[in-house]
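> I have a structure I would like to understand better, so I am pasting it below and will then ask my questions one at a time.
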Amino acid sequence: MATLYSTDRILLDYDVPYETFKEKYLPIIINRANELLGNLFMDYGISKSASGNTHMVIRLRKEITQFEALIIATLLGSDFKRECFNWLRLFAFGDSDSLFAQFKEVGDTSKKSRCSDGNLRKFAMRTCPGLVIWVYKYATLRNYLHKWVVPWLNQGT
């Protein structure tokens with residue numbers, strides 16, 4: 001049972017159609033989650049969202065802090081803008097309600113956000129540079145940056 005400052009699951013939202021996600025991305029995410037979480041990884045579930053995209057839940061064997069859950073969700077390809085707002089909620093209210101992640105399909109036209117000029121790096125550094133720093137520290141400490149790209153670190157738009 002999760003408490004206010006901890007959670008026993010990571011909830012993710014991928015902006016990829018459900019069938020495409022199951023076929024192309026699910027094995028990648030499961031492999032990364034196993035590598036990143038090790039013994040903490042218990043199981044997962046996926047479902048089709050109302051928009052036809054994919055929701056995913058990763059259940060953990062024991063609780064982790066919401067702080068770490070945000071970092072892990074980001075490393076698993078989370079929608080960085082949503083995680084950034086979760087980060088702000090965590091520090092403003094003590095509860096991140098960390099929920100969502102996304103992949104962009106190759107060839108998709110990028111959507112400009114209503115809250116920025118569409119440049120994810122600029123958005124990150126203006127809105128929540130602390131999350132960028134902690135994700136980088138966590139990935140470096142765990143030796144993950146050389147194994148897979150954190151999608152939003154090198155994304156221009």
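Letters for chains follow the order of the structure tokens (A, B, ...), residue numbers begin at 1 for each chain, and ligand numbers begin at 1 in the order shown.
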Name all residues at most 12 Å from Glu68 (chain A) (count only C-alpha atoms; drop same-chain ones fewer than 2 positions away) and give them as a short mmCIF file (atom, residue, chain, number, x, y, z; two decimals) with N, CA and C atoms, in the first residue's frame.

data_model
loop_
_atom_site.label_atom_id
_atom_site.label_comp_id
_atom_site.auth_asym_id
_atom_site.auth_seq_id
_atom_site.Cartn_x
_atom_site.Cartn_y
_atom_site.Cartn_z
N TYR A 5 4.28 9.66 0.67
CA TYR A 5 5.63 9.95 0.19
C TYR A 5 6.28 8.77 -0.53
N SER A 6 5.55 7.68 -0.70
CA SER A 6 6.12 6.53 -1.38
C SER A 6 5.06 5.89 -2.27
N THR A 7 5.51 4.98 -3.12
CA THR A 7 4.60 4.30 -4.03
C THR A 7 5.11 2.89 -4.29
N ASP A 8 4.19 2.00 -4.62
CA ASP A 8 4.57 0.64 -4.95
C ASP A 8 4.32 0.34 -6.42
N ARG A 9 4.15 1.40 -7.21
CA ARG A 9 3.93 1.22 -8.65
C ARG A 9 4.36 2.46 -9.41
N ILE A 10 4.64 2.25 -10.67
CA ILE A 10 4.97 3.36 -11.57
C ILE A 10 3.93 3.31 -12.68
N LEU A 36 16.66 -1.76 -14.90
CA LEU A 36 16.69 -0.61 -14.00
C LEU A 36 16.23 -0.96 -12.59
N LEU A 37 15.18 -1.76 -12.48
CA LEU A 37 14.58 -2.05 -11.18
C LEU A 37 15.08 -3.33 -10.54
N GLU A 63 7.87 -0.60 -1.67
CA GLU A 63 7.68 0.82 -1.94
C GLU A 63 9.01 1.53 -2.18
N ILE A 64 8.96 2.54 -3.04
CA ILE A 64 10.08 3.44 -3.25
C ILE A 64 9.55 4.85 -3.04
N THR A 65 10.43 5.81 -2.90
CA THR A 65 9.98 7.19 -2.73
C THR A 65 9.40 7.70 -4.04
N GLN A 66 8.49 8.66 -3.94
CA GLN A 66 7.95 9.28 -5.15
C GLN A 66 9.05 10.00 -5.92
N LEU A 70 9.66 9.17 -9.90
CA LEU A 70 9.70 10.16 -10.97
C LEU A 70 10.93 9.99 -11.85
N ILE A 71 12.06 9.77 -11.22
CA ILE A 71 13.30 9.58 -11.97
C ILE A 71 13.23 8.32 -12.81
N ILE A 72 12.74 7.24 -12.24
CA ILE A 72 12.63 5.97 -12.97
C ILE A 72 11.65 6.11 -14.13
N ALA A 73 10.51 6.75 -13.90
CA ALA A 73 9.54 6.94 -14.98
C ALA A 73 10.16 7.73 -16.13
N THR A 74 10.94 8.74 -15.80
CA THR A 74 11.59 9.54 -16.82
C THR A 74 12.59 8.70 -17.60
N LEU A 75 13.36 7.88 -16.90
CA LEU A 75 14.33 7.02 -17.58
C LEU A 75 13.65 5.95 -18.44
N GLU A 83 6.05 14.62 -16.39
CA GLU A 83 6.88 14.31 -15.22
C GLU A 83 7.41 15.58 -14.58
N TRP A 87 6.98 16.59 -10.81
CA TRP A 87 8.12 17.02 -10.00
C TRP A 87 7.76 18.28 -9.22
N LEU A 90 5.36 17.44 -6.49
CA LEU A 90 6.03 16.75 -5.39
C LEU A 90 6.63 17.76 -4.41
N SER A 96 3.57 13.63 -5.72
CA SER A 96 3.80 13.87 -7.15
C SER A 96 2.70 13.35 -8.03
N SER A 98 2.78 10.79 -9.74
CA SER A 98 3.53 10.49 -10.95
C SER A 98 2.79 9.46 -11.79
N LEU A 131 14.96 18.23 -11.95
CA LEU A 131 14.66 16.88 -12.44
C LEU A 131 15.70 16.45 -13.45
N TRP A 134 18.82 15.47 -11.48
CA TRP A 134 18.69 14.22 -10.74
C TRP A 134 18.57 13.00 -11.64
N VAL A 135 17.91 13.13 -12.78
CA VAL A 135 17.85 12.01 -13.74
C VAL A 135 19.25 11.71 -14.24
N LYS A 137 22.12 12.38 -12.72
CA LYS A 137 22.89 11.80 -11.61
C LYS A 137 22.53 10.34 -11.40
N TYR A 138 21.25 10.04 -11.38
CA TYR A 138 20.78 8.68 -11.14
C TYR A 138 21.26 7.74 -12.25
N ALA A 139 21.11 8.18 -13.49
CA ALA A 139 21.52 7.36 -14.63
C ALA A 139 23.03 7.16 -14.63
#
> Just the residues within 12 Å of Lys22 (chain A), please, counting only C-alpha atoms, with nothing from its chain fewer than 4 positions along; format it as a PDB file with all heavy atoms, in the first residue's frame.

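The resulting selection_29.pdb:
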ATOM      1  N   TYR A  14       1.875   6.129 -22.665  1.00  0.00           N
ATOM      2  CA  TYR A  14       2.657   6.221 -23.895  1.00  0.00           C
ATOM      3  C   TYR A  14       1.781   6.733 -25.024  1.00  0.00           C
ATOM      4  O   TYR A  14       0.704   6.203 -25.267  1.00  0.00           O
ATOM      5  CB  TYR A  14       3.235   4.846 -24.251  1.00  0.00           C
ATOM      6  CG  TYR A  14       4.252   4.377 -23.251  1.00  0.00           C
ATOM      7  CD1 TYR A  14       3.877   3.576 -22.186  1.00  0.00           C
ATOM      8  CD2 TYR A  14       5.575   4.755 -23.353  1.00  0.00           C
ATOM      9  CE1 TYR A  14       4.812   3.160 -21.251  1.00  0.00           C
ATOM     10  CE2 TYR A  14       6.515   4.347 -22.428  1.00  0.00           C
ATOM     11  CZ  TYR A  14       6.121   3.546 -21.374  1.00  0.00           C
ATOM     12  OH  TYR A  14       7.045   3.150 -20.458  1.00  0.00           O
ATOM     13  N   VAL A  16       1.527   6.238 -28.049  1.00  0.00           N
ATOM     14  CA  VAL A  16       1.698   5.317 -29.162  1.00  0.00           C
ATOM     15  C   VAL A  16       0.438   4.463 -29.212  1.00  0.00           C
ATOM     16  O   VAL A  16      -0.038   4.017 -28.162  1.00  0.00           O
ATOM     17  CB  VAL A  16       2.935   4.400 -28.936  1.00  0.00           C
ATOM     18  CG1 VAL A  16       3.037   3.332 -29.997  1.00  0.00           C
ATOM     19  CG2 VAL A  16       4.216   5.223 -28.878  1.00  0.00           C
ATOM     20  N   PRO A  17      -0.117   4.222 -30.388  1.00  0.00           N
ATOM     21  CA  PRO A  17      -1.296   3.356 -30.459  1.00  0.00           C
ATOM     22  C   PRO A  17      -1.041   2.011 -29.765  1.00  0.00           C
ATOM     23  O   PRO A  17       0.053   1.446 -29.848  1.00  0.00           O
ATOM     24  CB  PRO A  17      -1.516   3.173 -31.967  1.00  0.00           C
ATOM     25  CG  PRO A  17      -0.902   4.409 -32.574  1.00  0.00           C
ATOM     26  CD  PRO A  17       0.281   4.730 -31.696  1.00  0.00           C
ATOM     27  N   TYR A  18      -2.058   1.522 -29.105  1.00  0.00           N
ATOM     28  CA  TYR A  18      -1.969   0.325 -28.272  1.00  0.00           C
ATOM     29  C   TYR A  18      -1.327  -0.863 -28.991  1.00  0.00           C
ATOM     30  O   TYR A  18      -0.400  -1.482 -28.468  1.00  0.00           O
ATOM     31  CB  TYR A  18      -3.376  -0.030 -27.776  1.00  0.00           C
ATOM     32  CG  TYR A  18      -3.436  -1.232 -26.886  1.00  0.00           C
ATOM     33  CD1 TYR A  18      -2.996  -1.156 -25.576  1.00  0.00           C
ATOM     34  CD2 TYR A  18      -3.936  -2.436 -27.348  1.00  0.00           C
ATOM     35  CE1 TYR A  18      -3.054  -2.258 -24.735  1.00  0.00           C
ATOM     36  CE2 TYR A  18      -4.008  -3.543 -26.515  1.00  0.00           C
ATOM     37  CZ  TYR A  18      -3.557  -3.452 -25.224  1.00  0.00           C
ATOM     38  OH  TYR A  18      -3.610  -4.546 -24.408  1.00  0.00           O
ATOM     39  N   LEU A  26       6.742  -2.689 -26.090  1.00  0.00           N
ATOM     40  CA  LEU A  26       6.576  -3.421 -24.839  1.00  0.00           C
ATOM     41  C   LEU A  26       7.811  -4.243 -24.472  1.00  0.00           C
ATOM     42  O   LEU A  26       8.289  -4.155 -23.341  1.00  0.00           O
ATOM     43  CB  LEU A  26       5.318  -4.293 -24.878  1.00  0.00           C
ATOM     44  CG  LEU A  26       5.003  -5.042 -23.585  1.00  0.00           C
ATOM     45  CD1 LEU A  26       4.805  -4.067 -22.421  1.00  0.00           C
ATOM     46  CD2 LEU A  26       3.759  -5.910 -23.768  1.00  0.00           C
ATOM     47  N   PRO A  27       8.402  -5.027 -25.393  1.00  0.00           N
ATOM     48  CA  PRO A  27       9.606  -5.786 -25.012  1.00  0.00           C
ATOM     49  C   PRO A  27      10.766  -4.887 -24.572  1.00  0.00           C
ATOM     50  O   PRO A  27      11.500  -5.226 -23.648  1.00  0.00           O
ATOM     51  CB  PRO A  27       9.967  -6.559 -26.290  1.00  0.00           C
ATOM     52  CG  PRO A  27       8.716  -6.591 -27.099  1.00  0.00           C
ATOM     53  CD  PRO A  27       7.966  -5.336 -26.757  1.00  0.00           C
ATOM     54  N   ILE A  28      10.897  -3.731 -25.200  1.00  0.00           N
ATOM     55  CA  ILE A  28      11.976  -2.791 -24.834  1.00  0.00           C
ATOM     56  C   ILE A  28      11.747  -2.258 -23.426  1.00  0.00           C
ATOM     57  O   ILE A  28      12.670  -2.226 -22.602  1.00  0.00           O
ATOM     58  CB  ILE A  28      12.054  -1.631 -25.851  1.00  0.00           C
ATOM     59  CG1 ILE A  28      12.455  -2.157 -27.230  1.00  0.00           C
ATOM     60  CG2 ILE A  28      13.032  -0.553 -25.375  1.00  0.00           C
ATOM     61  CD1 ILE A  28      12.260  -1.148 -28.347  1.00  0.00           C
ATOM     62  N   ILE A  29      10.522  -1.832 -23.139  1.00  0.00           N
ATOM     63  CA  ILE A  29      10.206  -1.275 -21.820  1.00  0.00           C
ATOM     64  C   ILE A  29      10.387  -2.327 -20.729  1.00  0.00           C
ATOM     65  O   ILE A  29      10.950  -2.046 -19.674  1.00  0.00           O
ATOM     66  CB  ILE A  29       8.778  -0.704 -21.789  1.00  0.00           C
ATOM     67  CG1 ILE A  29       8.693   0.524 -22.681  1.00  0.00           C
ATOM     68  CG2 ILE A  29       8.337  -0.349 -20.375  1.00  0.00           C
ATOM     69  CD1 ILE A  29       9.579   1.658 -22.243  1.00  0.00           C
ATOM     70  N   ILE A  30       9.910  -3.544 -20.969  1.00  0.00           N
ATOM     71  CA  ILE A  30      10.046  -4.607 -19.971  1.00  0.00           C
ATOM     72  C   ILE A  30      11.511  -4.912 -19.715  1.00  0.00           C
ATOM     73  O   ILE A  30      11.937  -5.050 -18.561  1.00  0.00           O
ATOM     74  CB  ILE A  30       9.287  -5.884 -20.413  1.00  0.00           C
ATOM     75  CG1 ILE A  30       7.798  -5.598 -20.527  1.00  0.00           C
ATOM     76  CG2 ILE A  30       9.542  -7.040 -19.457  1.00  0.00           C
ATOM     77  CD1 ILE A  30       7.174  -4.998 -19.293  1.00  0.00           C
ATOM     78  N   GLY A  45       1.155  -4.306 -16.292  1.00  0.00           N
ATOM     79  CA  GLY A  45      -0.088  -4.424 -17.035  1.00  0.00           C
ATOM     80  C   GLY A  45      -0.177  -3.285 -18.024  1.00  0.00           C
ATOM     81  O   GLY A  45       0.372  -2.215 -17.785  1.00  0.00           O
ATOM     82  N   ILE A  46      -0.819  -3.536 -19.162  1.00  0.00           N
ATOM     83  CA  ILE A  46      -1.031  -2.473 -20.141  1.00  0.00           C
ATOM     84  C   ILE A  46      -2.507  -2.458 -20.513  1.00  0.00           C
ATOM     85  O   ILE A  46      -3.195  -3.473 -20.435  1.00  0.00           O
ATOM     86  CB  ILE A  46      -0.153  -2.621 -21.404  1.00  0.00           C
ATOM     87  CG1 ILE A  46      -0.455  -3.921 -22.148  1.00  0.00           C
ATOM     88  CG2 ILE A  46       1.323  -2.534 -21.055  1.00  0.00           C
ATOM     89  CD1 ILE A  46       0.230  -4.005 -23.506  1.00  0.00           C
ATOM     90  N   SER A  47      -2.980  -1.292 -20.903  1.00  0.00           N
ATOM     91  CA  SER A  47      -4.359  -1.158 -21.352  1.00  0.00           C
ATOM     92  C   SER A  47      -4.440  -0.051 -22.391  1.00  0.00           C
ATOM     93  O   SER A  47      -3.566   0.813 -22.474  1.00  0.00           O
ATOM     94  CB  SER A  47      -5.294  -0.860 -20.185  1.00  0.00           C
ATOM     95  OG  SER A  47      -4.974   0.381 -19.611  1.00  0.00           O
ATOM     96  N   LYS A  48      -5.513  -0.102 -23.152  1.00  0.00           N
ATOM     97  CA  LYS A  48      -5.761   0.901 -24.175  1.00  0.00           C
ATOM     98  C   LYS A  48      -6.425   2.110 -23.527  1.00  0.00           C
ATOM     99  O   LYS A  48      -7.409   1.970 -22.805  1.00  0.00           O
ATOM    100  CB  LYS A  48      -6.660   0.300 -25.250  1.00  0.00           C
ATOM    101  CG  LYS A  48      -6.802   1.114 -26.492  1.00  0.00           C
ATOM    102  CD  LYS A  48      -7.607   0.310 -27.511  1.00  0.00           C
ATOM    103  CE  LYS A  48      -7.554   0.962 -28.864  1.00  0.00           C
ATOM    104  NZ  LYS A  48      -8.256   0.130 -29.851  1.00  0.00           N
ATOM    105  N   ASN A  53      -4.351   5.192 -27.296  1.00  0.00           N
ATOM    106  CA  ASN A  53      -2.944   5.012 -26.973  1.00  0.00           C
ATOM    107  C   ASN A  53      -2.799   4.008 -25.833  1.00  0.00           C
ATOM    108  O   ASN A  53      -3.713   3.237 -25.595  1.00  0.00           O
ATOM    109  CB  ASN A  53      -2.299   6.363 -26.653  1.00  0.00           C
ATOM    110  CG  ASN A  53      -2.190   7.235 -27.884  1.00  0.00           C
ATOM    111  OD1 ASN A  53      -2.038   6.743 -28.995  1.00  0.00           O
ATOM    112  ND2 ASN A  53      -2.290   8.531 -27.697  1.00  0.00           N
ATOM    113  N   THR A  54      -1.685   4.012 -25.131  1.00  0.00           N
ATOM    114  CA  THR A  54      -1.383   2.952 -24.175  1.00  0.00           C
ATOM    115  C   THR A  54      -1.102   3.479 -22.786  1.00  0.00           C
ATOM    116  O   THR A  54      -0.346   4.430 -22.614  1.00  0.00           O
ATOM    117  CB  THR A  54      -0.156   2.149 -24.663  1.00  0.00           C
ATOM    118  OG1 THR A  54      -0.355   1.775 -26.017  1.00  0.00           O
ATOM    119  CG2 THR A  54       0.075   0.925 -23.817  1.00  0.00           C
ATOM    120  N   HIS A  55      -1.692   2.840 -21.786  1.00  0.00           N
ATOM    121  CA  HIS A  55      -1.364   3.071 -20.382  1.00  0.00           C
ATOM    122  C   HIS A  55      -0.646   1.827 -19.873  1.00  0.00           C
ATOM    123  O   HIS A  55      -0.984   0.710 -20.257  1.00  0.00           O
ATOM    124  CB  HIS A  55      -2.620   3.298 -19.543  1.00  0.00           C
ATOM    125  CG  HIS A  55      -3.270   4.602 -19.809  1.00  0.00           C
ATOM    126  ND1 HIS A  55      -4.544   4.882 -19.392  1.00  0.00           N
ATOM    127  CD2 HIS A  55      -2.829   5.710 -20.433  1.00  0.00           C
ATOM    128  CE1 HIS A  55      -4.863   6.105 -19.753  1.00  0.00           C
ATOM    129  NE2 HIS A  55      -3.832   6.623 -20.390  1.00  0.00           N
ATOM    130  N   MET A  56       0.324   2.017 -19.000  1.00  0.00           N
ATOM    131  CA  MET A  56       1.080   0.902 -18.448  1.00  0.00           C
ATOM    132  C   MET A  56       1.291   1.121 -16.953  1.00  0.00           C
ATOM    133  O   MET A  56       1.502   2.252 -16.514  1.00  0.00           O
ATOM    134  CB  MET A  56       2.437   0.786 -19.142  1.00  0.00           C
ATOM    135  CG  MET A  56       3.279  -0.372 -18.689  1.00  0.00           C
ATOM    136  SD  MET A  56       4.743  -0.515 -19.743  1.00  0.00           S
ATOM    137  CE  MET A  56       5.415  -2.028 -19.118  1.00  0.00           C
TER     138      MET A  56
END
> Of the candidates A:Asn31, A:Asn119, A:Thr20, A:Thr127, which shows the shortest atom-to-atom distance to Leu88 (chain A), using only C-alpha atoms?
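Ranking A:Asn31, A:Asn119, A:Thr20, A:Thr127 by distance to Leu88 (chain A), first place goes to A:Thr127.
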> Counting only C-alpha atoms, what is within 8 Å of Tyr44 (chain A), bar same-chain residues fewer than 6 positions away, as a PyMOL selection string?
chain A and resi 56-59
> Mind giving me the straight-line distance from CA of Glu19 (chain A) to CA of Ala50 (chain A) in Å, one decimal?
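Pair CA of Glu19 (chain A) / CA of Ala50 (chain A) returns 13.8 Å.
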> Of the residues A:Met42, A:Leu60, A:Cys128, A:Ala33, which is the one nearest to Asn86 (chain A), using only C-alpha atoms?
A:Cys128
> With distances taken over only C-alpha atoms, which residue among A:Tyr136, A:Phe123, A:Phe21, A:Phe41 lies nearest Cys84 (chain A)?
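For Cys84 (chain A), the nearest of the candidates is A:Phe123.
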> Per DSSP on the backbone, what are the strand (DSSP E or B) residues of region 9-113 of chain A, as a list in words?
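So the strand (DSSP E or B) residues in region 9-113 of chain A would be Arg9, Ile10, Leu11, Leu12, Asp13, Tyr14, Phe41, Met42, Asp43, Tyr44, Gly45, Ile46, Ser47, Lys48, Thr54, His55, Met56, Val57, Ile58, Arg59, Leu60, Arg61, Lys62, Glu63, Ile64 and Thr65 of chain A.
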